[in-house]
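J.: Structure below; questions to follow.
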Amino acid sequence: MIDLEGKVAAVTGGSSGIGLETVRLLLAQGASVALCARDEARLEGVRAQLQDEFPDRRILAQACDVLQGAQVQDFAKQVQTELGPVNMLINNAGQGRVSTFADTDDAAWESELKLKFFSVINPTRAFLPQLEQHADSAIVCVNSLLAAQPEPHMVATSAARAGVMNLVRSLATEFSPKGIRVNGILLGLVESGQWHRRFAAREDQSQSWEQWSSDLARRKNIQLGRLGRPEEAARAILFLATPLSSYTTGSHIDVSGGVSRHA
Ligand code: NDP
């Protein structure tokens with residue numbers, strides 16, 4: 001796809017799902033990759049597996065909670081020391097919250113807004129001095145279609161996602177004189193741990209994954225009739241993180257299988 005030999009990427013939430021497939025894709029193109037997540041044991045297992053798959057690549061995995069500014073600063077410092085200054089930052093860590101306005105209390109609002117904003121703010125602040133050292137740097141924020149098309153059963157997540165979409169545009173404007181592009185992807189439903197857990201708890205245990213997930217796709221009006229796969233999100237991230245998208249900043253790619261109703 002693109003030669004990333006000599007380039008360095010940092011991926012938050014790289015131990016699972018979309019983050020992990022993004023790490024794989026970047027390594028496959030020749031990049032050195034740093035990944036972080038909170039669960040140290042899972043992270044180490046993933047690092048060992050990736051090093052087996054890509055024996056010639058440089059991989060750094062460090063436990064880090066993106067909501068803890070000091071931990072993120074320490075992660076960034078370690079990346080620069082071991083791999084060199086990053087060219088690509090992928091802000092991916094996080095999860096959604098299912099709750100309506102009626103059952104979202106102040107603490108839940110604060111925690112959701114903090115997660116969505118500071119999972120972008122902390123890594124962006126920590127890696128900015130490194131991104132500034134290259135002429136072709138990029139930041140990609142993994143966001144959800146909820147940013148443009150809110151769902152009442154995910155009220156806080158939807159509102160926070162809209163704020164992050166707006167933030168991406170501000171960062172793109174502020175960083176463009178430095179040559180740093182900032183973009184996002186808007187996901188619909190992508191197969192990951194949360195959907196496999198819901199499948200395991202399905203009412204009709206005789207349903208296969210294919211039957212269960214195509215019913216879900218029908219109920220959610222997904223035009224392509226199925227959930228997305230993590231590697232499909234990863235390919236959009238790769239495009240935005242690299243000079244493949246050299247004339248694109250402040251924008252979002254829809255990776256929702258056609259569930260979008262917005263313009
Ligand atoms: P997964 O649960 O498979 O992966 C999430 C990753 O983020 C894990 O590596 C997890 O590791 C890490 N993580 C979570 N919180 C933190 C934290 N505070 N600090 C550091 N790492 C953290 O989820 P997906 O791959 O599905 O999701 C990736 C992103 O895409 C998320 O931001 C999610 O909200 C978003 N998204 C996903 C959708 C989907 O349908 N899958 C839809 C819309 C958006 P650990 O728990 O060890 O920290």
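We name chains A, B, ... following the order of the structure tokens; residues begin at 1 in each chain, and ligands are numbered from 1 as shown.
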When you look at A:Ser176 with a cut-off of 12 Å (counting only C-alpha atoms), what residues show up, excluding the ones that are within fewer than 4 positions of it in the same chain? I need them as a list of chain:residue names.
T.: A:Leu131, A:Glu132, A:Ala135, A:Asp136, A:Ser137, A:Ala138, A:Ile139, A:Val168, A:Arg169, A:Ser170, A:Leu171, A:Ala172, A:Ile180, A:Arg181, A:Val182, A:Asn183, A:Ser246, A:Tyr247, A:Thr248, A:Thr249, A:Gly250
J.: Next, the residues of the selection above should be written as a PDB file, in the first residue's frame with C-alpha atoms.
T.:
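Heads up, here's the output in part_29.pdb:
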```pdb
ATOM      1  CA  LEU A 131       5.103  15.454  15.344  1.00  0.00           C
ATOM      2  CA  GLU A 132       6.485  18.963  14.807  1.00  0.00           C
ATOM      3  CA  ALA A 135       7.202  17.673   7.466  1.00  0.00           C
ATOM      4  CA  ASP A 136       4.546  14.979   6.897  1.00  0.00           C
ATOM      5  CA  SER A 137       3.016  14.303  10.326  1.00  0.00           C
ATOM      6  CA  ALA A 138      -0.592  13.355  10.936  1.00  0.00           C
ATOM      7  CA  ILE A 139      -3.023  12.722  13.784  1.00  0.00           C
ATOM      8  CA  VAL A 168     -10.491  17.731  15.178  1.00  0.00           C
ATOM      9  CA  ARG A 169     -11.367  20.682  12.950  1.00  0.00           C
ATOM     10  CA  SER A 170      -9.869  23.213  15.391  1.00  0.00           C
ATOM     11  CA  LEU A 171      -6.681  21.187  15.744  1.00  0.00           C
ATOM     12  CA  ALA A 172      -6.413  20.861  11.962  1.00  0.00           C
ATOM     13  CA  ILE A 180       0.552  18.436  10.813  1.00  0.00           C
ATOM     14  CA  ARG A 181      -2.718  17.109   9.362  1.00  0.00           C
ATOM     15  CA  VAL A 182      -5.572  16.137  11.708  1.00  0.00           C
ATOM     16  CA  ASN A 183      -8.497  13.958  10.599  1.00  0.00           C
ATOM     17  CA  SER A 246      -1.500  14.444   1.856  1.00  0.00           C
ATOM     18  CA  TYR A 247      -4.113  17.044   0.791  1.00  0.00           C
ATOM     19  CA  THR A 248      -6.706  16.157   3.443  1.00  0.00           C
ATOM     20  CA  THR A 249      -7.045  17.801   6.847  1.00  0.00           C
ATOM     21  CA  GLY A 250      -9.904  18.633   9.220  1.00  0.00           C
TER      22      GLY A 250
END
```
J.: Please check which protein, DNA or RNA residues sit within 6 Å of ligand 1, counting only C-alpha atoms and all ligand atoms, and write them as a CSV table (one decimal) with C-alpha atoms, in the first residue's frame.
T.:
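Generated file (selection-v1.csv):
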```csv
chain,number,residue,atom,x,y,z
A,12,THR,CA,-3.4,4.3,21.8
A,13,GLY,CA,-5.7,1.4,22.7
A,14,GLY,CA,-3.5,-0.8,20.5
A,15,SER,CA,-4.0,-4.1,22.4
A,16,SER,CA,-7.5,-5.0,20.9
A,17,GLY,CA,-9.9,-4.5,18.1
A,18,ILE,CA,-9.4,-1.6,15.7
A,19,GLY,CA,-6.3,-0.4,17.4
A,37,ALA,CA,-3.4,0.3,26.8
A,38,ARG,CA,-4.1,-0.1,30.5
A,39,ASP,CA,-4.1,-3.9,31.0
A,64,CYS,CA,-0.6,3.7,30.0
A,65,ASP,CA,-4.0,5.2,30.8
A,66,VAL,CA,-4.7,8.0,28.3
A,67,LEU,CA,-6.6,9.8,30.9
A,92,ASN,CA,-8.1,5.3,19.3
A,93,ALA,CA,-8.4,4.3,23.0
A,94,GLY,CA,-11.8,4.3,24.5
A,95,GLN,CA,-15.3,2.8,24.6
A,96,GLY,CA,-18.9,3.9,24.4
A,142,VAL,CA,-11.1,7.3,15.9
A,143,ASN,CA,-14.7,8.7,16.3
A,144,SER,CA,-18.2,7.4,15.8
A,187,LEU,CA,-17.5,4.4,12.7
A,188,GLY,CA,-20.8,2.6,12.6
A,189,LEU,CA,-20.8,-0.9,14.2
A,190,VAL,CA,-17.5,-2.7,14.0
A,191,GLU,CA,-17.0,-6.3,15.2
A,192,SER,CA,-15.0,-6.1,18.4
A,193,GLY,CA,-15.1,-7.4,22.0
```
J.: Pick out the closest residue to A:Gln68 from this set: A:Arg202, A:Arg97, A:Lys114, A:Arg24. Count only C-alpha atoms.
T.: A:Lys114
J.: Write out as a list in words the residues lying within 8 Å of A:Val8, counting only C-alpha atoms and excluding same-chain residues fewer than 4 positions away.
T.: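 So the residues in contact are Ala31, Ser32, Val33, Ala34, Leu83, Gly84, Pro85, Val86, Asn87 and Met88 of chain A.
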J.: If you measure from atom CA of A:Gly184 to atom CA of A:Gln78, what distance in Å do you get, rounded to one decimal?
T.: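 Computed distance, atom CA of A:Gly184 to atom CA of A:Gln78, equals 25.6 Å.
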J.: Would you work out the distance separating atom CA of A:Val155 from atom CA of A:Trp195, expressed in Å to one decimal?
T.: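 Rounded to one decimal, the two atoms are 19.4 Å apart.
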J.: Taking only C-alpha atoms into account, name the residue in A:Asp204, A:Asp254, A:Glu110, A:Asp103 that is nearest to A:Gly228.
T.: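 Nearest candidate to A:Gly228 out of A:Asp204, A:Asp254, A:Glu110, A:Asp103: A:Asp254.
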J.: Quick one: residues within 8 Å of stretch 121-124 of chain A, only C-alpha atoms counted, chain neighbours fewer than 2 positions away excluded, as a list in words?
T.: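 So, after excluding close chain neighbours, the residues are Val66, Leu67, Gln68, Gly69, Val72, Gln73, Ala76, Leu89, Asn91, Phe117, Phe118, Ser119, Ala126, Phe127, Leu128 and Ile139 of chain A.
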J.: Which residue, A:Ser208, A:Ile185, A:Val255, A:Gly163, has the smallest gap to A:Leu224 when you use only C-alpha atoms?
T.: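 The closest residue to A:Leu224 is A:Val255.
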J.: Identify which of the residues A:Leu146, A:Leu238, A:Ala156, A:Val259 lies closest to A:Arg226, counting only C-alpha atoms when measuring atom-to-atom distances.
T.: A:Val259
J.: Find, counting only C-alpha atoms, the residue in A:Gln207, A:Phe101, A:Gly257, A:Ala70 that gets nearest to A:Gly225.
T.: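 Among the listed residues, A:Gly257 lies closest to A:Gly225.
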J.: I need the strand (DSSP E) residues of stretch 13-259 of chain A per DSSP on the backbone, written as a PyMOL selection string.
T.: chain A and resi 32-37+59-63+88-91+138-144+181-187+252-255
J.: Please produce a file of the residues just selected, as a PDB file, in the first residue's frame, where the atoms kept are C-alpha atoms.
T.:
```pdb
ATOM      1  CA  SER A  32       8.004   1.126  13.797  1.00  0.00           C
ATOM      2  CA  VAL A  33       5.008   1.145  16.131  1.00  0.00           C
ATOM      3  CA  ALA A  34       4.383   2.051  19.777  1.00  0.00           C
ATOM      4  CA  LEU A  35       1.127   0.952  21.387  1.00  0.00           C
ATOM      5  CA  CYS A  36      -0.404   1.522  24.776  1.00  0.00           C
ATOM      6  CA  ALA A  37      -3.385   0.265  26.797  1.00  0.00           C
ATOM      7  CA  ILE A  59       7.624  -2.530  18.508  1.00  0.00           C
ATOM      8  CA  LEU A  60       7.209  -0.764  21.851  1.00  0.00           C
ATOM      9  CA  ALA A  61       4.292  -1.592  24.147  1.00  0.00           C
ATOM     10  CA  GLN A  62       3.828   0.384  27.346  1.00  0.00           C
ATOM     11  CA  ALA A  63       0.981   0.283  29.872  1.00  0.00           C
ATOM     12  CA  MET A  88       1.744   9.416  13.107  1.00  0.00           C
ATOM     13  CA  LEU A  89      -0.446   9.542  16.208  1.00  0.00           C
ATOM     14  CA  ILE A  90      -3.619   7.426  16.285  1.00  0.00           C
ATOM     15  CA  ASN A  91      -6.001   8.466  19.079  1.00  0.00           C
ATOM     16  CA  ALA A 138      -0.592  13.355  10.936  1.00  0.00           C
ATOM     17  CA  ILE A 139      -3.023  12.722  13.784  1.00  0.00           C
ATOM     18  CA  VAL A 140      -6.043  10.448  13.315  1.00  0.00           C
ATOM     19  CA  CYS A 141      -8.899  10.369  15.821  1.00  0.00           C
ATOM     20  CA  VAL A 142     -11.144   7.313  15.923  1.00  0.00           C
ATOM     21  CA  ASN A 143     -14.661   8.651  16.324  1.00  0.00           C
ATOM     22  CA  SER A 144     -18.195   7.415  15.791  1.00  0.00           C
ATOM     23  CA  ARG A 181      -2.718  17.109   9.362  1.00  0.00           C
ATOM     24  CA  VAL A 182      -5.572  16.137  11.708  1.00  0.00           C
ATOM     25  CA  ASN A 183      -8.497  13.958  10.599  1.00  0.00           C
ATOM     26  CA  GLY A 184     -10.968  11.461  11.996  1.00  0.00           C
ATOM     27  CA  ILE A 185     -12.987   8.415  11.059  1.00  0.00           C
ATOM     28  CA  LEU A 186     -16.671   7.969  11.869  1.00  0.00           C
ATOM     29  CA  LEU A 187     -17.466   4.367  12.689  1.00  0.00           C
ATOM     30  CA  HIS A 252     -13.757  12.687   8.507  1.00  0.00           C
ATOM     31  CA  ILE A 253     -14.152   9.421   6.618  1.00  0.00           C
ATOM     32  CA  ASP A 254     -17.399   7.529   7.146  1.00  0.00           C
ATOM     33  CA  VAL A 255     -16.707   3.843   7.821  1.00  0.00           C
TER      34      VAL A 255
END
```
J.: With DSSP run on the backbone, what are the alpha helix (DSSP H) residues within stretch 26-263 of chain A? I'd like them as an MDAnalysis selection string.
T.: chainID A and resid 26:28 40:53 69:83 106:131 155:175 193:200 209:219 230:241
J.: I want to know what sits within 10 Å of stretch 52-56 of chain A, based on only C-alpha atoms, with residues of the same chain fewer than 3 positions away left out; could you give that as a list of chain:residue names?
T.: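 Listed by chain and then number, they are A:Arg24, A:Leu27, A:Ala28, A:Gly30, A:Ser32, A:Val46, A:Arg47, A:Ala48, A:Gln49, A:Ile59.
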